[in-house]
Structures are given as structure tokens and as C-alpha cells.
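These notes are about the structure you will find just below.
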Amino acid sequence: MVKIITPDLCDAHPDRVRVVEPLFTNYGGRSTFGGEIVTVKCHEDNSLVKEQVGLPGAGRVLVVDGGGSLRCALLGDMLAEKAAQNQWAGLIIYGCIRDVDEIRQTDLGVQALRTIPIKSKRQGRGDLNIPVTFGGVCFHPGEYVYADNNGVIVAPEPLSMPE
């Protein structure tokens with residue numbers, strides 16, 4: 001796996017990247033990750049997150065627009081482990097997660113706003129693979145996202161690391 005360095009990608013592809021506002025903290029066992037975007041839009045209901053991480057990830061990244069809610073977690077250790085087993089590269093969650101010590105031990109990239117111990121309710125609500133906007137950037141399904149400790153960037157097509 002090629003190590004992703006977002007500053008190098010920004011320098012090499014300045015006209016092709018959109019930079020997400022610095023909102024996120026890196027919580028996953030992988031400090032760098034990237035891949036094709038799959039989106040979920042949900043508010044305090046992680047039903048679609050659970051459904052998607054149960055499917056083959058094929059190196060993609062699940063971008064979850066939780067509306068920035070800080071009232072409950074949209075990802076915990078069991079769903080993170082399921083995502084890693086199913087070969088997701090990572091998740092970017094515009095909301096909270098929980099079980100951070102276990103998630104830090106999981107071979108998965110995870111960035112989120114904050115942590116909270118309360119789980120979400122599952123009521124089967126949400127939208128899959130629609131454009132979602134947060135952090136000043138619109139994430140379109142099928143585009144590409146890259147994340148590391150420096151930040152999160154989005155591009156319309158795969159980017160290669162400069163040599």
C-alpha cells in the first residue's frame with residue numbers, strides 16, 4: 001500500500017484537489033488512507049453505516065455525513081472491525097465515534113469530529129450515494145478522498161503520489 005501524504009498530493013495536483021476544512025481527528029489504526037468515495041447521509045442513525053461496512057469495501061472510503069451531530073456515535077468497535085474485515089480503506093465521519101481505543105488497534109482509517117460513549121439509534125433512515133457537503137467541500141460518490149494527519153482532500157479522479 002502506498003503511503004498517502006496529503007501535502008505532497010496538494011503540491012503535485014494543486015488544480016485537482018479540494019481541501020476539507022480542518023475539522024477531523026485521526027482515530028483509526030491506519031494513519032493514512034484513501035480511495036473511491038461511497039457516501040451515507042444520516043442523522044443520529046447508523047443503520048446505513050452498518051449495512052455498508054457489511055459489504056465488500058474493495059479499498060473504498062465510506063464518507064458519512066452525520067450532520068455534525070455530537071449527541072451519539074455513528075461508528076463503534078464492532079462496525080470498525082467489520083469494515084476492516086470487508087476491506088474498506090477507511091471512514092470519514094462528520095459526527096462522533098466511540099470505542100476509540102479498540103478502533104485505534106483496527107487496520108482501518110477512521111477520521112471523525114469527536115468521541116462520545118452513546119450509541120446511535122437504528123431506525124433505518126438515511127440516504128446512500130448522494131452528494132454530501134461538509135467542511136467546505138462536496139463529496140461525490142465515485143470521486144476520491146485522501147486522508148492523513150495533515151487533513152482530508154478530495155479529487156475527481158485517483159491521484160498518484162509524486163516520486
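Letters A, B, ... mark the chains of the C-alpha cells in the order given; residue numbers begin at 1 per chain; ligand numbers begin at 1, in order shown.
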
| field | Within 7 Å of range 35-37 of chain A using only C-alpha atoms, minus same-chain residues under 3 positions, as an MDAnalysis selection string | value | chainID A and resid 59:63 89 140:146

Preceding selection exported with C-alpha atoms as an mmCIF file, in the first residue's frame:
data_model
loop_
_atom_site.group_PDB
_atom_site.id
_atom_site.type_symbol
_atom_site.label_atom_id
_atom_site.label_comp_id
_atom_site.auth_asym_id
_atom_site.auth_seq_id
_atom_site.Cartn_x
_atom_site.Cartn_y
_atom_site.Cartn_z
ATOM 1 C CA GLY A 59 -10.446 -0.340 -0.810
ATOM 2 C CA ARG A 60 -13.125 2.348 -0.877
ATOM 3 C CA VAL A 61 -13.783 5.031 1.762
ATOM 4 C CA LEU A 62 -17.173 5.497 3.408
ATOM 5 C CA VAL A 63 -17.870 9.212 3.835
ATOM 6 C CA ALA A 89 -9.813 1.579 3.418
ATOM 7 C CA HIS A 140 -19.483 12.987 -4.748
ATOM 8 C CA PRO A 141 -19.815 9.199 -4.888
ATOM 9 C CA GLY A 142 -17.225 7.820 -7.287
ATOM 10 C CA GLU A 143 -14.709 10.604 -6.639
ATOM 11 C CA TYR A 144 -11.633 10.014 -4.474
ATOM 12 C CA VAL A 145 -10.726 11.064 -0.945
ATOM 13 C CA TYR A 146 -7.334 11.002 0.753
#

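Proximity to Thr32 in chain A at 6 Å, evaluated using only C-alpha atoms and with sequence-adjacent residues fewer than 4 positions away removed, yields Ile4, Ala147 and Asp148 of chain A.
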
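What separates CA of Lys50 in chain A from CA of Glu157 in chain A is a distance of 26.7 Å.
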
| said: To test your reading of the structure, identify every residue in range 3-151 of chain A that backbone DSSP assigns to strand (DSSP E or B), and report it as number ranges by chain. | reply: A: 18-19, 25-26, 33-41, 45, 61-65, 73, 90-97, 109-115, 119, 121, 127-128, 132-134, 137-139, 144-148, 151

Just to be explicit: take each residue in the selection above, keep C-alpha atoms, and write the result as an mmCIF file, in the first residue's frame.
data_model
loop_
_atom_site.group_PDB
_atom_site.id
_atom_site.type_symbol
_atom_site.label_atom_id
_atom_site.label_comp_id
_atom_site.auth_asym_id
_atom_site.auth_seq_id
_atom_site.Cartn_x
_atom_site.Cartn_y
_atom_site.Cartn_z
ATOM 1 C CA ARG A 18 -10.396 20.292 -2.862
ATOM 2 C CA VAL A 19 -9.208 20.673 0.736
ATOM 3 C CA THR A 25 -9.116 13.863 14.239
ATOM 4 C CA ASN A 26 -7.456 10.639 13.107
ATOM 5 C CA PHE A 33 -5.853 6.124 3.784
ATOM 6 C CA GLY A 34 -7.656 6.928 0.582
ATOM 7 C CA GLY A 35 -9.928 5.512 -2.051
ATOM 8 C CA GLU A 36 -13.101 5.844 -4.022
ATOM 9 C CA ILE A 37 -15.931 7.581 -2.180
ATOM 10 C CA VAL A 38 -19.169 5.919 -1.076
ATOM 11 C CA THR A 39 -21.475 8.305 0.806
ATOM 12 C CA VAL A 40 -24.031 7.924 3.566
ATOM 13 C CA LYS A 41 -26.146 10.807 4.843
ATOM 14 C CA ASP A 45 -28.960 6.761 12.922
ATOM 15 C CA VAL A 61 -13.783 5.031 1.762
ATOM 16 C CA LEU A 62 -17.173 5.497 3.408
ATOM 17 C CA VAL A 63 -17.870 9.212 3.835
ATOM 18 C CA VAL A 64 -20.606 9.671 6.439
ATOM 19 C CA ASP A 65 -22.469 12.967 6.742
ATOM 20 C CA ALA A 73 -21.687 7.786 17.848
ATOM 21 C CA GLY A 90 -11.480 3.862 5.937
ATOM 22 C CA LEU A 91 -14.341 6.049 7.098
ATOM 23 C CA ILE A 92 -14.617 9.817 7.384
ATOM 24 C CA ILE A 93 -17.421 10.700 9.771
ATOM 25 C CA TYR A 94 -18.897 14.172 10.096
ATOM 26 C CA GLY A 95 -20.071 13.245 13.577
ATOM 27 C CA CYS A 96 -18.857 11.162 16.516
ATOM 28 C CA ILE A 97 -17.455 7.688 17.116
ATOM 29 C CA GLY A 109 -8.546 4.561 8.614
ATOM 30 C CA VAL A 110 -11.059 6.492 10.715
ATOM 31 C CA GLN A 111 -11.433 10.242 10.971
ATOM 32 C CA ALA A 112 -14.255 11.865 12.922
ATOM 33 C CA LEU A 113 -15.133 15.099 14.684
ATOM 34 C CA ARG A 114 -15.144 13.804 18.259
ATOM 35 C CA THR A 115 -15.915 10.856 20.514
ATOM 36 C CA LYS A 119 -24.597 4.707 20.505
ATOM 37 C CA LYS A 121 -30.474 4.629 17.306
ATOM 38 C CA ASP A 127 -29.537 8.219 2.154
ATOM 39 C CA LEU A 128 -26.919 6.263 0.238
ATOM 40 C CA VAL A 132 -22.877 15.325 0.712
ATOM 41 C CA THR A 133 -21.311 18.612 1.777
ATOM 42 C CA PHE A 134 -19.387 19.471 4.931
ATOM 43 C CA VAL A 137 -16.313 20.517 0.255
ATOM 44 C CA CYS A 138 -18.887 18.476 -1.650
ATOM 45 C CA PHE A 139 -18.132 14.736 -1.650
ATOM 46 C CA TYR A 144 -11.633 10.014 -4.474
ATOM 47 C CA VAL A 145 -10.726 11.064 -0.945
ATOM 48 C CA TYR A 146 -7.334 11.002 0.753
ATOM 49 C CA ALA A 147 -6.681 11.485 4.477
ATOM 50 C CA ASP A 148 -3.747 11.616 6.858
ATOM 51 C CA GLY A 151 -6.015 16.700 6.675
#

Give me every helix (DSSP H, G or I) residue in range 4-124 of chain A, going by DSSP on the backbone, as a short mmCIF file (atom, residue, chain, number, x, y, z; two decimals) with all heavy atoms, in the first residue's frame.
data_model
loop_
_atom_site.label_atom_id
_atom_site.label_comp_id
_atom_site.auth_asym_id
_atom_site.auth_seq_id
_atom_site.Cartn_x
_atom_site.Cartn_y
_atom_site.Cartn_z
N THR A 6 -0.91 13.94 2.21
CA THR A 6 -1.78 14.94 1.58
C THR A 6 -1.05 16.22 1.18
O THR A 6 -1.38 16.78 0.12
CB THR A 6 -3.02 15.24 2.44
OG1 THR A 6 -2.62 15.72 3.72
CG2 THR A 6 -3.91 14.01 2.57
N PRO A 7 -0.06 16.73 1.94
CA PRO A 7 0.64 17.92 1.45
C PRO A 7 1.33 17.68 0.10
O PRO A 7 1.30 18.54 -0.78
CB PRO A 7 1.66 18.22 2.54
CG PRO A 7 1.05 17.66 3.78
CD PRO A 7 0.36 16.40 3.31
N ASP A 8 1.92 16.49 -0.07
CA ASP A 8 2.58 16.17 -1.34
C ASP A 8 1.56 16.07 -2.47
O ASP A 8 1.82 16.52 -3.59
CB ASP A 8 3.38 14.88 -1.23
CG ASP A 8 4.60 15.01 -0.33
OD1 ASP A 8 4.92 16.16 0.09
OD2 ASP A 8 5.24 13.98 -0.04
N LEU A 9 0.39 15.49 -2.19
CA LEU A 9 -0.66 15.42 -3.21
C LEU A 9 -1.15 16.81 -3.58
O LEU A 9 -1.38 17.10 -4.76
CB LEU A 9 -1.83 14.54 -2.73
CG LEU A 9 -1.56 13.05 -2.66
CD1 LEU A 9 -2.73 12.33 -2.01
CD2 LEU A 9 -1.29 12.48 -4.06
N CYS A 10 -1.31 17.68 -2.59
CA CYS A 10 -1.74 19.07 -2.87
C CYS A 10 -0.69 19.79 -3.71
O CYS A 10 -1.06 20.52 -4.66
CB CYS A 10 -1.97 19.83 -1.56
SG CYS A 10 -3.45 19.34 -0.68
N ASP A 11 0.58 19.60 -3.41
CA ASP A 11 1.65 20.26 -4.16
C ASP A 11 1.71 19.74 -5.60
O ASP A 11 1.93 20.50 -6.53
CB ASP A 11 3.00 20.05 -3.49
CG ASP A 11 3.12 20.78 -2.16
OD1 ASP A 11 2.23 21.59 -1.82
OD2 ASP A 11 4.11 20.51 -1.45
N ALA A 12 1.53 18.43 -5.77
CA ALA A 12 1.64 17.82 -7.09
C ALA A 12 0.40 18.04 -7.96
O ALA A 12 0.50 18.01 -9.18
CB ALA A 12 1.92 16.32 -6.96
N SER A 47 -27.83 3.06 10.75
CA SER A 47 -28.31 1.87 10.04
C SER A 47 -27.59 1.66 8.71
O SER A 47 -27.16 0.54 8.40
CB SER A 47 -29.82 1.99 9.76
OG SER A 47 -30.55 2.10 10.96
N LEU A 48 -27.45 2.71 7.91
CA LEU A 48 -26.78 2.57 6.61
C LEU A 48 -25.28 2.37 6.76
O LEU A 48 -24.66 1.70 5.94
CB LEU A 48 -27.06 3.79 5.72
CG LEU A 48 -28.41 3.82 5.04
CD1 LEU A 48 -28.58 5.10 4.23
CD2 LEU A 48 -28.60 2.60 4.14
N VAL A 49 -24.69 2.91 7.81
CA VAL A 49 -23.27 2.67 8.07
C VAL A 49 -23.07 1.17 8.33
O VAL A 49 -22.20 0.54 7.73
CB VAL A 49 -22.75 3.51 9.26
CG1 VAL A 49 -21.31 3.14 9.61
CG2 VAL A 49 -22.88 5.00 8.97
N LYS A 50 -23.90 0.60 9.18
CA LYS A 50 -23.82 -0.83 9.48
C LYS A 50 -24.00 -1.66 8.21
O LYS A 50 -23.26 -2.60 7.96
CB LYS A 50 -24.87 -1.21 10.52
CG LYS A 50 -24.84 -2.68 10.87
CD LYS A 50 -25.88 -3.08 11.87
CE LYS A 50 -25.74 -4.56 12.18
NZ LYS A 50 -26.84 -5.06 12.99
N GLU A 51 -24.98 -1.29 7.41
CA GLU A 51 -25.25 -2.02 6.16
C GLU A 51 -24.03 -1.96 5.23
O GLU A 51 -23.60 -2.98 4.69
CB GLU A 51 -26.46 -1.41 5.48
CG GLU A 51 -26.79 -1.99 4.12
CD GLU A 51 -27.93 -1.23 3.47
OE1 GLU A 51 -29.06 -1.33 3.99
OE2 GLU A 51 -27.68 -0.52 2.47
N GLN A 52 -23.47 -0.78 5.03
CA GLN A 52 -22.37 -0.62 4.08
C GLN A 52 -21.10 -1.32 4.53
O GLN A 52 -20.43 -1.96 3.71
CB GLN A 52 -22.11 0.87 3.82
CG GLN A 52 -23.19 1.54 3.01
CD GLN A 52 -23.42 0.84 1.68
OE1 GLN A 52 -22.54 0.77 0.84
NE2 GLN A 52 -24.62 0.31 1.50
N VAL A 53 -20.72 -1.22 5.80
CA VAL A 53 -19.48 -1.87 6.24
C VAL A 53 -19.61 -3.39 6.22
O VAL A 53 -18.59 -4.09 6.22
CB VAL A 53 -18.99 -1.38 7.62
CG1 VAL A 53 -18.73 0.12 7.59
CG2 VAL A 53 -19.92 -1.77 8.75
N ASP A 77 -16.53 -0.03 17.81
CA ASP A 77 -15.52 -1.03 17.51
C ASP A 77 -16.01 -2.18 16.66
O ASP A 77 -15.30 -2.66 15.78
CB ASP A 77 -14.89 -1.55 18.81
CG ASP A 77 -15.87 -2.22 19.76
OD1 ASP A 77 -17.09 -1.94 19.67
OD2 ASP A 77 -15.42 -3.00 20.61
N MET A 78 -17.25 -2.64 16.86
CA MET A 78 -17.74 -3.78 16.10
C MET A 78 -17.92 -3.44 14.63
O MET A 78 -17.55 -4.23 13.75
CB MET A 78 -19.03 -4.32 16.73
CG MET A 78 -18.77 -4.90 18.10
SD MET A 78 -20.12 -5.72 18.98
CE MET A 78 -21.60 -5.20 18.24
N LEU A 79 -18.46 -2.27 14.33
CA LEU A 79 -18.62 -1.88 12.93
C LEU A 79 -17.27 -1.57 12.29
O LEU A 79 -17.05 -1.86 11.11
CB LEU A 79 -19.57 -0.69 12.80
CG LEU A 79 -21.03 -0.94 13.18
CD1 LEU A 79 -21.88 0.28 12.87
CD2 LEU A 79 -21.59 -2.18 12.48
N ALA A 80 -16.34 -1.00 13.05
CA ALA A 80 -15.00 -0.74 12.52
C ALA A 80 -14.31 -2.06 12.17
O ALA A 80 -13.68 -2.18 11.11
CB ALA A 80 -14.17 0.05 13.53
N GLU A 81 -14.43 -3.05 13.04
CA GLU A 81 -13.83 -4.35 12.77
C GLU A 81 -14.45 -4.99 11.53
O GLU A 81 -13.76 -5.57 10.70
CB GLU A 81 -13.97 -5.27 13.99
CG GLU A 81 -13.33 -6.63 13.81
CD GLU A 81 -11.83 -6.57 13.55
OE1 GLU A 81 -11.14 -5.71 14.12
OE2 GLU A 81 -11.33 -7.39 12.74
N LYS A 82 -15.76 -4.87 11.39
CA LYS A 82 -16.46 -5.40 10.21
C LYS A 82 -15.96 -4.70 8.95
O LYS A 82 -15.73 -5.35 7.92
CB LYS A 82 -17.97 -5.21 10.37
CG LYS A 82 -18.80 -5.68 9.21
CD LYS A 82 -18.85 -7.16 9.05
CE LYS A 82 -19.75 -7.77 10.08
NZ LYS A 82 -19.82 -9.22 9.99
N ALA A 83 -15.78 -3.38 9.01
CA ALA A 83 -15.27 -2.63 7.85
C ALA A 83 -13.87 -3.11 7.47
O ALA A 83 -13.57 -3.29 6.29
CB ALA A 83 -15.27 -1.13 8.16
N ALA A 84 -13.01 -3.31 8.47
CA ALA A 84 -11.64 -3.78 8.20
C ALA A 84 -11.67 -5.18 7.57
O ALA A 84 -10.97 -5.44 6.59
CB ALA A 84 -10.82 -3.78 9.48
N GLN A 85 -12.50 -6.06 8.11
CA GLN A 85 -12.62 -7.41 7.57
C GLN A 85 -13.10 -7.39 6.12
O GLN A 85 -12.70 -8.23 5.32
CB GLN A 85 -13.58 -8.25 8.41
CG GLN A 85 -13.06 -8.62 9.76
CD GLN A 85 -14.15 -9.24 10.64
OE1 GLN A 85 -15.31 -9.37 10.27
NE2 GLN A 85 -13.75 -9.62 11.85
N VAL A 100 -12.84 4.21 20.98
CA VAL A 100 -11.66 4.69 20.26
C VAL A 100 -10.41 3.86 20.53
O VAL A 100 -9.57 3.73 19.64
CB VAL A 100 -11.40 6.18 20.51
CG1 VAL A 100 -12.49 7.02 19.92
CG2 VAL A 100 -11.21 6.49 21.97
N ASP A 101 -10.25 3.31 21.72
CA ASP A 101 -9.05 2.52 21.99
C ASP A 101 -9.02 1.26 21.12
O ASP A 101 -7.97 0.89 20.59
CB ASP A 101 -8.95 2.16 23.47
CG ASP A 101 -8.76 3.39 24.34
OD1 ASP A 101 -8.12 4.36 23.88
OD2 ASP A 101 -9.25 3.38 25.49
N GLU A 102 -10.17 0.63 20.93
CA GLU A 102 -10.26 -0.55 20.07
C GLU A 102 -10.11 -0.16 18.60
O GLU A 102 -9.44 -0.85 17.84
CB GLU A 102 -11.60 -1.27 20.29
CG GLU A 102 -11.74 -1.92 21.66
CD GLU A 102 -12.17 -0.95 22.76
OE1 GLU A 102 -12.40 0.26 22.50
OE2 GLU A 102 -12.26 -1.41 23.92
N ILE A 103 -10.72 0.94 18.21
CA ILE A 103 -10.62 1.38 16.81
C ILE A 103 -9.18 1.72 16.46
O ILE A 103 -8.72 1.43 15.35
CB ILE A 103 -11.58 2.56 16.55
CG1 ILE A 103 -13.03 2.04 16.55
CG2 ILE A 103 -11.26 3.26 15.23
CD1 ILE A 103 -14.10 3.11 16.46
#

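Of the listed residues (A:Gly54, A:Gly66, A:Phe24, A:Arg16), A:Arg16 comes nearest to Val154 in chain A; the distances count only C-alpha atoms.
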
| query | Distance CA of Pro162 in chain A-CA of Gly57 in chain A, one decimal place? | reply | 25.9 Å

| task | May I ask which of the residues A:Gln87, A:Gly29, A:Ala58, A:Asp99 is the closest one to Leu75 in chain A, counting only C-alpha atoms? | result | A:Asp99

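Take CA of His43 in chain A and CA of Pro131 in chain A: the distance between them is 15.3 Å.
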
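Considering the residues A:Arg125, A:Lys3, A:Arg98, A:Arg30 and counting only C-alpha atoms, Leu70 in chain A has its shortest atom-to-atom contact with A:Arg98.
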
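Each of A:Gly126, A:Ser120, A:His13, A:Ile5 was compared to Leu159 in chain A using only C-alpha atoms, and A:His13 turns out to be the nearest.
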